[in-house]
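J.: Quick one: the structure is below, questions incoming.
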Amino acid sequence: MKKSILAIAAAAAVSVGCSKKSETKVLTVGATPEPHAAILNLLVDDLAKEGITLKVQEFTDYVVPNEAVESGQIDANYFQHLPYMESFNKERGFHLVSVAGIHIEPLALYSHKIKSTDDLKSGSVIAIPNDPTNEGRALLLLQSNGLIKLDDKAGLTAVPADITENRLNLKFREIEAASLPRTLDDVDAAVINGNYALPAGLTASKDGLLVEGADSPYVNILCVKDGVQNDERIKALVKAMTSQKVKDYIAEHYPNGEVVAVF
């Protein structure tokens with residue numbers, strides 16, 4: 001009887017041990033569809049080999065994925081650049097940190113109505129993102145190409161009120177970034193982020209009237225809440241996201257420089 005009990009206990013212990021070995025760790029990452037979610041989905045099988053189930057949750061805005069990381073609803077997000085994250089932390093009192101820089105998506109000015117900025121007329125309307133850092137980024141793009149001049153004190157978070165010279169008396173329409181592609185029939189031009197331009201069939205190198213330079217500081221990052229940086233799941237994801245596989249994928253799928261790997 002004792003031998004039977006011991007045998008059953010031993011079998012149970014083996015069963016529990018096997019169960020623990022077969023357990024997978026879930027890692028949920030929020031991302032905007034392209035190229036962020038596409039890049040993450042490329043890595044699902046690679047992380048599965050390490051016992052990590054990567055779940056990619058798609059978002060179509062810039063606010064909710066940060067709120068979800070801060071509240072712990074998701075483990076990380078991949079959609080934003082560092083200046084935006086830092087601005088968000090300051091504005092909302094959040095504790096978000098970057099764990100890796102992955103790529104740059106050049107910001108560009110697009111239009112359905114004009115073929116060159118030389119076609120802009122007095123009073124032309126330009127749509128720009130309405131979030132603090134991307135709005136400033138858009139205005140800096142216009143300034144770098146001589147369309148406007150900004151107050152030197154404005155910095156990366158410039159707004160239309162900081163414009164000190166506007167020779168064409170351009171009008172600005174501040175729009176949620178995700179909606180900018182849909183404004184192209186209603187405005188003369190729009191400055192659009194790469195991750196919203198791509199799904200709309202817009203390519204910076206081909207369609208952009210003005211394109212942000214390759215030296216842009218706006219690198220897209222993998223973001224987590226402070227304190228999670230050393231989580232083994234996050235470390236595994238960083239390793240996968242900065243692999244040659246991702247670099248090759250970016251080079252193959254975005255040959256015209258729409259997305260540029262930085263690692």
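Quick note on naming: the chains in the structure tokens go A, B, ... in the order shown, residues restart at 1 in each chain, and ligands are numbered from 1 in order of appearance.
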Taking the chain letters and numbering used in this document, name the residues of stretch 7-246 of chain A that DSSP puts in strand (DSSP E), as an NGL selection string.
T.: :A and (25-31 or 52-58 or 76-81 or 96-104 or 108-110 or 125-129 or 149-150 or 163-165 or 171-175 or 189-192 or 210-211 or 219-225)
J.: Please report, as CSV, each residue of stretch 81-189 of chain A lying at most 9 Å from stretch 38-62 of chain A, together with the nearest pair of atoms and the separation in Å rounded to one decimal; use only C-alpha atoms, and order rows by chain and ascending residue number.
T.:
residue,atom,partner,partner_atom,distance
A:Asp131,CA,A:Tyr62,CA,8.6
A:Glu176,CA,A:Asp61,CA,8.4
A:Ala177,CA,A:Asp61,CA,7.7
A:Ala178,CA,A:Asp61,CA,6.3
J.: Create the file for the chosen residues now, containing N, CA and C atoms and written as an mmCIF file, in the first residue's frame.
T.:
data_model
loop_
_atom_site.group_PDB
_atom_site.id
_atom_site.type_symbol
_atom_site.label_atom_id
_atom_site.label_comp_id
_atom_site.auth_asym_id
_atom_site.auth_seq_id
_atom_site.Cartn_x
_atom_site.Cartn_y
_atom_site.Cartn_z
ATOM 1 N N ASP A 131 -1.239 66.141 -31.690
ATOM 2 C CA ASP A 131 -0.573 65.777 -30.438
ATOM 3 C C ASP A 131 0.719 66.583 -30.319
ATOM 4 N N GLU A 176 -6.352 64.887 -35.425
ATOM 5 C CA GLU A 176 -5.825 63.659 -34.835
ATOM 6 C C GLU A 176 -5.010 62.923 -35.891
ATOM 7 N N ALA A 177 -3.833 62.455 -35.517
ATOM 8 C CA ALA A 177 -2.890 61.874 -36.479
ATOM 9 C C ALA A 177 -3.505 60.778 -37.344
ATOM 10 N N ALA A 178 -4.307 59.900 -36.738
ATOM 11 C CA ALA A 178 -4.882 58.772 -37.477
ATOM 12 C C ALA A 178 -5.837 59.223 -38.573
#
J.: Could you tell me which of A:Val260, A:Val29, A:Ile250, A:Ala108 comes closest to A:Leu202 if we count only C-alpha atoms?
T.: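 Selected residue with least distance to A:Leu202: A:Ala108.
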J.: Wanna dump the stretch 61-145 of chain A-stretch 205-211 of chain A contacts at 10 Å for me, each residue with its shortest atom pair and the distance in Å to one decimal, counting only C-alpha atoms, ordered by chain and number, as a tab-separated table?
T.:
residue	atom	partner	partner_atom	distance
A:Pro106	CA	A:Val211	CA	6.4
A:Leu107	CA	A:Val211	CA	6.0
A:Ala108	CA	A:Val211	CA	4.4
A:Leu109	CA	A:Leu210	CA	5.1
A:Tyr110	CA	A:Gly208	CA	5.1
A:Ser111	CA	A:Leu209	CA	7.6
A:His112	CA	A:Asp207	CA	9.6
A:Ile114	CA	A:Leu209	CA	8.9
A:Lys115	CA	A:Leu209	CA	7.2
A:Ser116	CA	A:Leu209	CA	5.8
A:Thr117	CA	A:Leu209	CA	6.6
A:Asp118	CA	A:Leu209	CA	9.8
A:Leu141	CA	A:Leu210	CA	7.6
A:Leu142	CA	A:Leu210	CA	7.9
A:Ser144	CA	A:Leu210	CA	9.6
A:Asn145	CA	A:Leu210	CA	7.6
J.: Between A:Pro181, A:Gly123, A:Gly194, A:Pro132, which one has atoms that come closest to A:Asn166, using only C-alpha atoms?
T.: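 Closest to A:Asn166, using only C-alpha atoms: A:Gly123.
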J.: Which residue, A:Val159, A:Ala204, A:Leu139, A:Ala76, has the smallest gap to A:Val99 when you use only C-alpha atoms?
T.: A:Ala76
J.: Would you mind telling me which residue in A:Ile148, A:Ala261, A:Ala189, A:Ala161 lies nearest to A:Asn220 when using only C-alpha atoms?
T.: A:Ala261
J.: Excluding A:Val69 and its own-chain neighbours fewer than 4 positions away, which residues fall within 9 Å of it when counting only C-alpha atoms? Please give them as a list in words.
T.: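 Answer for this query is Val29, Gly30, Val64, Pro65, Gln73, Ile74, Asp75, Ala76, Asn77, Leu96, Cys223, Val224 and Lys225 of chain A.
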J.: Determine, counting only C-alpha atoms, which protein, DNA and RNA residues have an atom within 10 Å of an atom of A:Asp152; residues of the same chain fewer than 6 positions away are not included. Present the result as a list of chain:residue names.
T.: A:Ala158, A:Asp162, A:Ile163, A:Thr164
J.: Pull the alpha helix (DSSP H) assignments for stretch 45-220 of chain A out of DSSP run on the backbone, and list those residues as an mmCIF file with all heavy atoms, in the first residue's frame.
T.:
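Everything below was put into selection17.cif:
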data_model
loop_
_atom_site.group_PDB
_atom_site.id
_atom_site.type_symbol
_atom_site.label_atom_id
_atom_site.label_comp_id
_atom_site.auth_asym_id
_atom_site.auth_seq_id
_atom_site.Cartn_x
_atom_site.Cartn_y
_atom_site.Cartn_z
ATOM 1 N N ASP A 45 6.553 33.173 -33.848
ATOM 2 C CA ASP A 45 7.126 31.817 -33.808
ATOM 3 C C ASP A 45 8.475 31.792 -33.112
ATOM 4 O O ASP A 45 8.800 30.828 -32.399
ATOM 5 C CB ASP A 45 7.257 31.252 -35.225
ATOM 6 C CG ASP A 45 5.911 30.961 -35.862
ATOM 7 O OD1 ASP A 45 4.914 30.855 -35.126
ATOM 8 O OD2 ASP A 45 5.858 30.837 -37.105
ATOM 9 N N ASP A 46 9.270 32.836 -33.298
ATOM 10 C CA ASP A 46 10.593 32.889 -32.662
ATOM 11 C C ASP A 46 10.467 32.920 -31.140
ATOM 12 O O ASP A 46 11.210 32.235 -30.429
ATOM 13 C CB ASP A 46 11.360 34.125 -33.144
ATOM 14 C CG ASP A 46 11.630 34.081 -34.631
ATOM 15 O OD1 ASP A 46 12.048 33.018 -35.122
ATOM 16 O OD2 ASP A 46 11.416 35.093 -35.303
ATOM 17 N N LEU A 47 9.528 33.707 -30.639
ATOM 18 C CA LEU A 47 9.340 33.791 -29.189
ATOM 19 C C LEU A 47 8.678 32.530 -28.643
ATOM 20 O O LEU A 47 8.936 32.143 -27.495
ATOM 21 C CB LEU A 47 8.519 35.029 -28.841
ATOM 22 C CG LEU A 47 9.254 36.359 -29.036
ATOM 23 C CD1 LEU A 47 8.338 37.540 -28.782
ATOM 24 C CD2 LEU A 47 10.475 36.453 -28.141
ATOM 25 N N ALA A 48 7.856 31.894 -29.459
ATOM 26 C CA ALA A 48 7.210 30.652 -29.019
ATOM 27 C C ALA A 48 8.256 29.583 -28.714
ATOM 28 O O ALA A 48 8.083 28.766 -27.800
ATOM 29 C CB ALA A 48 6.243 30.161 -30.093
ATOM 30 N N VAL A 64 -4.429 55.506 -26.054
ATOM 31 C CA VAL A 64 -4.850 54.286 -25.355
ATOM 32 C C VAL A 64 -3.698 53.296 -25.131
ATOM 33 O O VAL A 64 -3.590 52.721 -24.040
ATOM 34 C CB VAL A 64 -6.018 53.604 -26.096
ATOM 35 C CG1 VAL A 64 -6.416 52.307 -25.399
ATOM 36 C CG2 VAL A 64 -7.218 54.550 -26.166
ATOM 37 N N PRO A 65 -2.803 53.068 -26.106
ATOM 38 C CA PRO A 65 -1.728 52.104 -25.844
ATOM 39 C C PRO A 65 -0.788 52.518 -24.725
ATOM 40 O O PRO A 65 -0.239 51.667 -24.015
ATOM 41 C CB PRO A 65 -0.995 51.993 -27.187
ATOM 42 C CG PRO A 65 -1.430 53.173 -27.979
ATOM 43 C CD PRO A 65 -2.798 53.517 -27.507
ATOM 44 N N ASN A 66 -0.612 53.821 -24.517
ATOM 45 C CA ASN A 66 0.209 54.269 -23.390
ATOM 46 C C ASN A 66 -0.545 54.098 -22.067
ATOM 47 O O ASN A 66 0.034 53.711 -21.047
ATOM 48 C CB ASN A 66 0.625 55.730 -23.573
ATOM 49 C CG ASN A 66 1.906 55.857 -24.373
ATOM 50 O OD1 ASN A 66 2.631 54.887 -24.557
ATOM 51 N ND2 ASN A 66 2.188 57.059 -24.845
ATOM 52 N N GLU A 67 -1.832 54.389 -22.086
ATOM 53 C CA GLU A 67 -2.639 54.183 -20.887
ATOM 54 C C GLU A 67 -2.663 52.708 -20.500
ATOM 55 O O GLU A 67 -2.630 52.359 -19.314
ATOM 56 C CB GLU A 67 -4.060 54.691 -21.135
ATOM 57 C CG GLU A 67 -4.151 56.199 -21.293
ATOM 58 C CD GLU A 67 -5.552 56.679 -21.638
ATOM 59 O OE1 GLU A 67 -6.348 55.872 -22.174
ATOM 60 O OE2 GLU A 67 -5.866 57.861 -21.371
ATOM 61 N N ALA A 68 -2.704 51.842 -21.502
ATOM 62 C CA ALA A 68 -2.764 50.403 -21.244
ATOM 63 C C ALA A 68 -1.462 49.877 -20.639
ATOM 64 O O ALA A 68 -1.477 48.984 -19.779
ATOM 65 C CB ALA A 68 -3.093 49.657 -22.540
ATOM 66 N N VAL A 69 -0.326 50.432 -21.058
ATOM 67 C CA VAL A 69 0.958 50.027 -20.469
ATOM 68 C C VAL A 69 1.066 50.545 -19.042
ATOM 69 O O VAL A 69 1.476 49.823 -18.123
ATOM 70 C CB VAL A 69 2.145 50.541 -21.320
ATOM 71 C CG1 VAL A 69 3.463 50.378 -20.553
ATOM 72 C CG2 VAL A 69 2.221 49.783 -22.636
ATOM 73 N N GLU A 70 0.706 51.793 -18.836
ATOM 74 C CA GLU A 70 0.789 52.393 -17.503
ATOM 75 C C GLU A 70 -0.091 51.641 -16.500
ATOM 76 O O GLU A 70 0.308 51.424 -15.348
ATOM 77 C CB GLU A 70 0.371 53.863 -17.560
ATOM 78 C CG GLU A 70 0.381 54.588 -16.223
ATOM 79 C CD GLU A 70 1.772 54.875 -15.691
ATOM 80 O OE1 GLU A 70 2.748 54.798 -16.470
ATOM 81 O OE2 GLU A 70 1.897 55.175 -14.490
ATOM 82 N N SER A 71 -1.278 51.214 -16.932
ATOM 83 C CA SER A 71 -2.209 50.530 -16.029
ATOM 84 C C SER A 71 -1.905 49.038 -15.894
ATOM 85 O O SER A 71 -2.466 48.379 -15.020
ATOM 86 C CB SER A 71 -3.648 50.688 -16.543
ATOM 87 O OG SER A 71 -3.821 49.994 -17.775
ATOM 88 N N LEU A 82 10.565 58.603 -29.040
ATOM 89 C CA LEU A 82 10.970 59.002 -27.695
ATOM 90 C C LEU A 82 10.432 60.370 -27.271
ATOM 91 O O LEU A 82 9.925 60.508 -26.156
ATOM 92 C CB LEU A 82 12.496 58.970 -27.586
ATOM 93 C CG LEU A 82 13.078 59.079 -26.173
ATOM 94 C CD1 LEU A 82 12.606 57.928 -25.296
ATOM 95 C CD2 LEU A 82 14.603 59.088 -26.244
ATOM 96 N N PRO A 83 10.505 61.414 -28.120
ATOM 97 C CA PRO A 83 9.962 62.711 -27.681
ATOM 98 C C PRO A 83 8.483 62.647 -27.317
ATOM 99 O O PRO A 83 8.043 63.315 -26.376
ATOM 100 C CB PRO A 83 10.204 63.624 -28.894
ATOM 101 C CG PRO A 83 11.397 63.025 -29.561
ATOM 102 C CD PRO A 83 11.214 61.540 -29.415
ATOM 103 N N TYR A 84 7.711 61.825 -28.063
ATOM 104 C CA TYR A 84 6.282 61.710 -27.742
ATOM 105 C C TYR A 84 6.101 61.047 -26.377
ATOM 106 O O TYR A 84 5.295 61.497 -25.559
ATOM 107 C CB TYR A 84 5.554 60.899 -28.810
ATOM 108 C CG TYR A 84 4.073 60.737 -28.516
ATOM 109 C CD1 TYR A 84 3.174 61.757 -28.811
ATOM 110 C CD2 TYR A 84 3.580 59.580 -27.921
ATOM 111 C CE1 TYR A 84 1.819 61.635 -28.517
ATOM 112 C CE2 TYR A 84 2.235 59.445 -27.629
ATOM 113 C CZ TYR A 84 1.359 60.464 -27.931
ATOM 114 O OH TYR A 84 0.025 60.335 -27.636
ATOM 115 N N MET A 85 6.849 59.971 -26.121
ATOM 116 C CA MET A 85 6.729 59.281 -24.839
ATOM 117 C C MET A 85 7.105 60.201 -23.682
ATOM 118 O O MET A 85 6.415 60.241 -22.647
ATOM 119 C CB MET A 85 7.627 58.040 -24.825
ATOM 120 C CG MET A 85 7.475 57.187 -23.565
ATOM 121 S SD MET A 85 8.876 56.066 -23.300
ATOM 122 C CE MET A 85 10.116 57.241 -22.729
ATOM 123 N N GLU A 86 8.179 60.951 -23.855
ATOM 124 C CA GLU A 86 8.617 61.850 -22.786
ATOM 125 C C GLU A 86 7.589 62.949 -22.532
ATOM 126 O O GLU A 86 7.331 63.323 -21.382
ATOM 127 C CB GLU A 86 9.981 62.446 -23.145
ATOM 128 C CG GLU A 86 11.100 61.398 -23.116
ATOM 129 C CD GLU A 86 12.424 61.956 -23.598
ATOM 130 O OE1 GLU A 86 12.421 63.011 -24.281
ATOM 131 O OE2 GLU A 86 13.472 61.337 -23.305
ATOM 132 N N SER A 87 6.997 63.457 -23.593
ATOM 133 C CA SER A 87 5.955 64.473 -23.460
ATOM 134 C C SER A 87 4.733 63.890 -22.755
ATOM 135 O O SER A 87 4.116 64.537 -21.896
ATOM 136 C CB SER A 87 5.564 64.997 -24.845
ATOM 137 O OG SER A 87 4.456 65.861 -24.768
ATOM 138 N N PHE A 88 4.385 62.650 -23.096
ATOM 139 C CA PHE A 88 3.233 61.978 -22.493
ATOM 140 C C PHE A 88 3.466 61.778 -20.994
ATOM 141 O O PHE A 88 2.572 62.010 -20.175
ATOM 142 C CB PHE A 88 3.014 60.626 -23.180
ATOM 143 C CG PHE A 88 1.595 60.142 -23.139
ATOM 144 C CD1 PHE A 88 0.744 60.335 -24.214
ATOM 145 C CD2 PHE A 88 1.110 59.476 -22.022
ATOM 146 C CE1 PHE A 88 -0.568 59.881 -24.184
ATOM 147 C CE2 PHE A 88 -0.206 59.026 -21.978
ATOM 148 C CZ PHE A 88 -1.044 59.234 -23.067
ATOM 149 N N ASN A 89 4.670 61.348 -20.627
ATOM 150 C CA ASN A 89 5.001 61.173 -19.210
ATOM 151 C C ASN A 89 4.838 62.479 -18.440
ATOM 152 O O ASN A 89 4.274 62.512 -17.340
ATOM 153 C CB ASN A 89 6.445 60.689 -19.066
ATOM 154 C CG ASN A 89 6.599 59.200 -19.266
ATOM 155 O OD1 ASN A 89 5.636 58.437 -19.145
ATOM 156 N ND2 ASN A 89 7.807 58.762 -19.580
ATOM 157 N N LYS A 90 5.344 63.557 -19.028
ATOM 158 C CA LYS A 90 5.294 64.859 -18.360
ATOM 159 C C LYS A 90 3.861 65.343 -18.212
ATOM 160 O O LYS A 90 3.461 65.853 -17.155
ATOM 161 C CB LYS A 90 6.118 65.870 -19.156
ATOM 162 C CG LYS A 90 6.219 67.231 -18.510
ATOM 163 C CD LYS A 90 7.122 68.158 -19.317
ATOM 164 C CE LYS A 90 7.231 69.529 -18.655
ATOM 165 N NZ LYS A 90 8.112 70.437 -19.453
ATOM 166 N N GLU A 91 3.073 65.154 -19.252
ATOM 167 C CA GLU A 91 1.698 65.645 -19.248
ATOM 168 C C GLU A 91 0.795 64.837 -18.333
ATOM 169 O O GLU A 91 -0.060 65.387 -17.633
ATOM 170 C CB GLU A 91 1.145 65.613 -20.675
ATOM 171 C CG GLU A 91 -0.293 66.096 -20.794
ATOM 172 C CD GLU A 91 -0.819 65.982 -22.214
ATOM 173 O OE1 GLU A 91 -0.007 65.909 -23.149
ATOM 174 O OE2 GLU A 91 -2.052 65.953 -22.383
ATOM 175 N N ARG A 92 0.995 63.525 -18.315
ATOM 176 C CA ARG A 92 0.076 62.640 -17.581
ATOM 177 C C ARG A 92 0.654 62.077 -16.288
ATOM 178 O O ARG A 92 -0.041 61.364 -15.563
ATOM 179 C CB ARG A 92 -0.333 61.474 -18.493
ATOM 180 C CG ARG A 92 -1.017 61.898 -19.793
ATOM 181 C CD ARG A 92 -2.437 62.346 -19.572
ATOM 182 N NE ARG A 92 -3.267 61.248 -19.155
ATOM 183 C CZ ARG A 92 -3.898 60.410 -19.994
ATOM 184 N NH1 ARG A 92 -3.785 60.575 -21.303
ATOM 185 N NH2 ARG A 92 -4.654 59.437 -19.536
ATOM 186 N N PRO A 132 1.136 66.914 -29.098
ATOM 187 C CA PRO A 132 2.212 67.884 -28.873
ATOM 188 C C PRO A 132 3.500 67.668 -29.666
ATOM 189 O O PRO A 132 3.970 68.581 -30.345
ATOM 190 C CB PRO A 132 2.457 67.779 -27.364
ATOM 191 C CG PRO A 132 1.151 67.353 -26.803
ATOM 192 C CD PRO A 132 0.572 66.417 -27.830
ATOM 193 N N THR A 133 4.082 66.469 -29.598
ATOM 194 C CA THR A 133 5.381 66.305 -30.239
ATOM 195 C C THR A 133 5.283 66.175 -31.750
ATOM 196 O O THR A 133 6.133 66.690 -32.475
ATOM 197 C CB THR A 133 6.126 65.089 -29.669
ATOM 198 O OG1 THR A 133 5.264 63.953 -29.692
ATOM 199 C CG2 THR A 133 6.559 65.342 -28.249
ATOM 200 N N ASN A 134 4.267 65.491 -32.248
ATOM 201 C CA ASN A 134 4.159 65.347 -33.702
ATOM 202 C C ASN A 134 3.734 66.649 -34.360
ATOM 203 O O ASN A 134 4.063 66.911 -35.517
ATOM 204 C CB ASN A 134 3.202 64.212 -34.055
ATOM 205 C CG ASN A 134 3.855 62.856 -33.867
ATOM 206 O OD1 ASN A 134 4.913 62.598 -34.409
ATOM 207 N ND2 ASN A 134 3.230 62.006 -33.063
ATOM 208 N N GLU A 135 3.005 67.484 -33.626
ATOM 209 C CA GLU A 135 2.657 68.799 -34.158
ATOM 210 C C GLU A 135 3.928 69.634 -34.318
ATOM 211 O O GLU A 135 4.160 70.250 -35.364
ATOM 212 C CB GLU A 135 1.666 69.507 -33.232
ATOM 213 C CG GLU A 135 1.223 70.860 -33.752
ATOM 214 C CD GLU A 135 0.035 71.409 -32.978
ATOM 215 O OE1 GLU A 135 0.018 71.267 -31.735
ATOM 216 O OE2 GLU A 135 -0.868 71.973 -33.609
ATOM 217 N N GLY A 136 4.751 69.632 -33.282
ATOM 218 C CA GLY A 136 6.014 70.354 -33.364
ATOM 219 C C GLY A 136 6.913 69.791 -34.447
ATOM 220 O O GLY A 136 7.577 70.531 -35.184
ATOM 221 N N ARG A 137 6.920 68.490 -34.557
ATOM 222 C CA ARG A 137 7.725 67.816 -35.574
ATOM 223 C C ARG A 137 7.294 68.246 -36.978
ATOM 224 O O ARG A 137 8.126 68.497 -37.849
ATOM 225 C CB ARG A 137 7.570 66.302 -35.395
ATOM 226 C CG ARG A 137 8.412 65.447 -36.316
ATOM 227 C CD ARG A 137 8.114 63.979 -36.031
ATOM 228 N NE ARG A 137 8.857 63.090 -36.905
ATOM 229 C CZ ARG A 137 8.681 61.767 -36.943
ATOM 230 N NH1 ARG A 137 7.773 61.207 -36.146
ATOM 231 N NH2 ARG A 137 9.386 61.019 -37.769
ATOM 232 N N ALA A 138 5.983 68.334 -37.189
ATOM 233 C CA ALA A 138 5.450 68.757 -38.483
ATOM 234 C C ALA A 138 5.845 70.189 -38.805
ATOM 235 O O ALA A 138 6.252 70.511 -39.930
ATOM 236 C CB ALA A 138 3.929 68.602 -38.489
ATOM 237 N N LEU A 139 5.735 71.049 -37.816
ATOM 238 C CA LEU A 139 6.083 72.457 -38.030
ATOM 239 C C LEU A 139 7.583 72.622 -38.286
ATOM 240 O O LEU A 139 8.005 73.460 -39.100
ATOM 241 C CB LEU A 139 5.644 73.298 -36.836
ATOM 242 C CG LEU A 139 4.125 73.403 -36.638
ATOM 243 C CD1 LEU A 139 3.803 74.112 -35.331
ATOM 244 C CD2 LEU A 139 3.464 74.130 -37.815
ATOM 245 N N LEU A 140 8.396 71.809 -37.622
ATOM 246 C CA LEU A 140 9.842 71.858 -37.854
ATOM 247 C C LEU A 140 10.175 71.411 -39.278
ATOM 248 O O LEU A 140 11.107 71.932 -39.903
ATOM 249 C CB LEU A 140 10.570 70.981 -36.831
ATOM 250 C CG LEU A 140 10.617 71.536 -35.405
ATOM 251 C CD1 LEU A 140 11.118 70.477 -34.434
ATOM 252 C CD2 LEU A 140 11.492 72.788 -35.337
ATOM 253 N N LEU A 141 9.409 70.441 -39.790
ATOM 254 C CA LEU A 141 9.600 70.003 -41.175
ATOM 255 C C LEU A 141 9.316 71.159 -42.131
ATOM 256 O O LEU A 141 10.074 71.407 -43.077
ATOM 257 C CB LEU A 141 8.675 68.826 -41.488
ATOM 258 C CG LEU A 141 8.638 68.369 -42.950
ATOM 259 C CD1 LEU A 141 9.996 67.795 -43.371
ATOM 260 C CD2 LEU A 141 7.534 67.331 -43.155
ATOM 261 N N LEU A 142 8.242 71.870 -41.885
ATOM 262 C CA LEU A 142 7.887 73.010 -42.739
ATOM 263 C C LEU A 142 8.914 74.131 -42.612
ATOM 264 O O LEU A 142 9.269 74.784 -43.595
ATOM 265 C CB LEU A 142 6.491 73.519 -42.364
ATOM 266 C CG LEU A 142 5.342 72.518 -42.528
ATOM 267 C CD1 LEU A 142 4.024 73.144 -42.080
ATOM 268 C CD2 LEU A 142 5.231 72.019 -43.969
ATOM 269 N N GLN A 143 9.412 74.333 -41.394
ATOM 270 C CA GLN A 143 10.429 75.366 -41.188
ATOM 271 C C GLN A 143 11.720 75.006 -41.911
ATOM 272 O O GLN A 143 12.361 75.872 -42.538
ATOM 273 C CB GLN A 143 10.708 75.552 -39.698
ATOM 274 C CG GLN A 143 11.857 76.533 -39.429
ATOM 275 C CD GLN A 143 12.086 76.781 -37.951
ATOM 276 O OE1 GLN A 143 11.774 77.845 -37.442
ATOM 277 N NE2 GLN A 143 12.640 75.800 -37.250
ATOM 278 N N SER A 144 12.119 73.736 -41.842
ATOM 279 C CA SER A 144 13.384 73.321 -42.462
ATOM 280 C C SER A 144 13.354 73.492 -43.974
ATOM 281 O O SER A 144 14.401 73.523 -44.623
ATOM 282 C CB SER A 144 13.695 71.865 -42.097
ATOM 283 O OG SER A 144 12.758 70.987 -42.705
ATOM 284 N N GLY A 194 4.406 58.302 -40.699
ATOM 285 C CA GLY A 194 4.602 57.142 -41.556
ATOM 286 C C GLY A 194 3.660 55.991 -41.293
ATOM 287 O O GLY A 194 3.180 55.340 -42.225
ATOM 288 N N ASN A 195 3.360 55.709 -40.008
ATOM 289 C CA ASN A 195 2.524 54.546 -39.721
ATOM 290 C C ASN A 195 1.066 54.756 -40.093
ATOM 291 O O ASN A 195 0.285 53.815 -40.106
ATOM 292 C CB ASN A 195 2.646 54.125 -38.244
ATOM 293 C CG ASN A 195 2.249 55.212 -37.278
ATOM 294 O OD1 ASN A 195 2.617 56.362 -37.447
ATOM 295 N ND2 ASN A 195 1.519 54.857 -36.250
ATOM 296 N N TYR A 196 0.687 55.991 -40.415
ATOM 297 C CA TYR A 196 -0.659 56.241 -40.940
ATOM 298 C C TYR A 196 -0.619 56.491 -42.444
ATOM 299 O O TYR A 196 -1.609 56.266 -43.138
ATOM 300 C CB TYR A 196 -1.308 57.426 -40.216
ATOM 301 C CG TYR A 196 -1.632 57.118 -38.774
ATOM 302 C CD1 TYR A 196 -1.215 57.957 -37.749
ATOM 303 C CD2 TYR A 196 -2.342 55.967 -38.435
ATOM 304 C CE1 TYR A 196 -1.497 57.658 -36.419
ATOM 305 C CE2 TYR A 196 -2.623 55.667 -37.112
ATOM 306 C CZ TYR A 196 -2.205 56.512 -36.109
ATOM 307 O OH TYR A 196 -2.481 56.215 -34.804
ATOM 308 N N ALA A 197 0.509 56.944 -42.939
ATOM 309 C CA ALA A 197 0.648 57.144 -44.381
ATOM 310 C C ALA A 197 0.696 55.801 -45.113
ATOM 311 O O ALA A 197 0.053 55.632 -46.159
ATOM 312 C CB ALA A 197 1.914 57.946 -44.681
ATOM 313 N N ALA A 204 6.641 57.990 -48.529
ATOM 314 C CA ALA A 204 7.340 59.263 -48.374
ATOM 315 C C ALA A 204 8.246 59.568 -49.557
ATOM 316 O O ALA A 204 8.232 60.672 -50.113
ATOM 317 C CB ALA A 204 8.140 59.258 -47.079
ATOM 318 N N SER A 205 9.048 58.591 -49.981
ATOM 319 C CA SER A 205 10.018 58.844 -51.043
ATOM 320 C C SER A 205 9.367 59.097 -52.395
ATOM 321 O O SER A 205 9.929 59.793 -53.241
ATOM 322 C CB SER A 205 11.000 57.677 -51.155
ATOM 323 O OG SER A 205 10.306 56.480 -51.466
ATOM 324 N N LYS A 206 8.172 58.561 -52.609
ATOM 325 C CA LYS A 206 7.493 58.720 -53.898
ATOM 326 C C LYS A 206 6.434 59.822 -53.879
ATOM 327 O O LYS A 206 6.277 60.567 -54.845
ATOM 328 C CB LYS A 206 6.835 57.397 -54.301
ATOM 329 C CG LYS A 206 7.819 56.296 -54.640
ATOM 330 C CD LYS A 206 7.071 55.036 -55.069
ATOM 331 C CE LYS A 206 8.047 53.922 -55.429
ATOM 332 N NZ LYS A 206 7.338 52.684 -55.841
ATOM 333 N N ASP A 207 5.696 59.901 -52.780
ATOM 334 C CA ASP A 207 4.546 60.810 -52.721
ATOM 335 C C ASP A 207 4.785 62.062 -51.893
ATOM 336 O O ASP A 207 4.014 63.021 -51.990
ATOM 337 C CB ASP A 207 3.326 60.074 -52.147
ATOM 338 C CG ASP A 207 3.024 58.790 -52.899
ATOM 339 O OD1 ASP A 207 2.874 58.858 -54.126
ATOM 340 O OD2 ASP A 207 2.941 57.727 -52.254
#
J.: I need the residue nearest A:Lys121 from this list: A:Asp188, A:Asp248, A:Asp231, A:Glu212. Use only C-alpha atoms for the distance.
T.: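 The shortest atom-to-atom distance to A:Lys121 comes from A:Asp188.
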J.: Within 7 Å of A:Ile175, counting only C-alpha atoms, which residues show up once you throw out same-chain ones fewer than 5 positions away? Write them as number ranges by chain, please.
T.: A: 127-130, 180
J.: Would you mind telling me which residue in A:Thr32, A:Ser122, A:Asn169, A:Asn193 lies nearest to A:Ile104 when using only C-alpha atoms?
T.: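 Among the listed residues, A:Asn193 lies closest to A:Ile104.
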J.: Residues of stretch 140-232 of chain A within 6 Å of stretch 78-81 of chain A: nearest atom pair and distance (Å, one decimal) for each, counting only C-alpha atoms, sorted by chain and number, as CSV?
T.:
residue,atom,partner,partner_atom,distance
A:Tyr218,CA,A:His81,CA,5.2
A:Val219,CA,A:His81,CA,5.1
A:Asn220,CA,A:His81,CA,4.2
A:Ile221,CA,A:His81,CA,5.7
A:Leu222,CA,A:Tyr78,CA,4.8
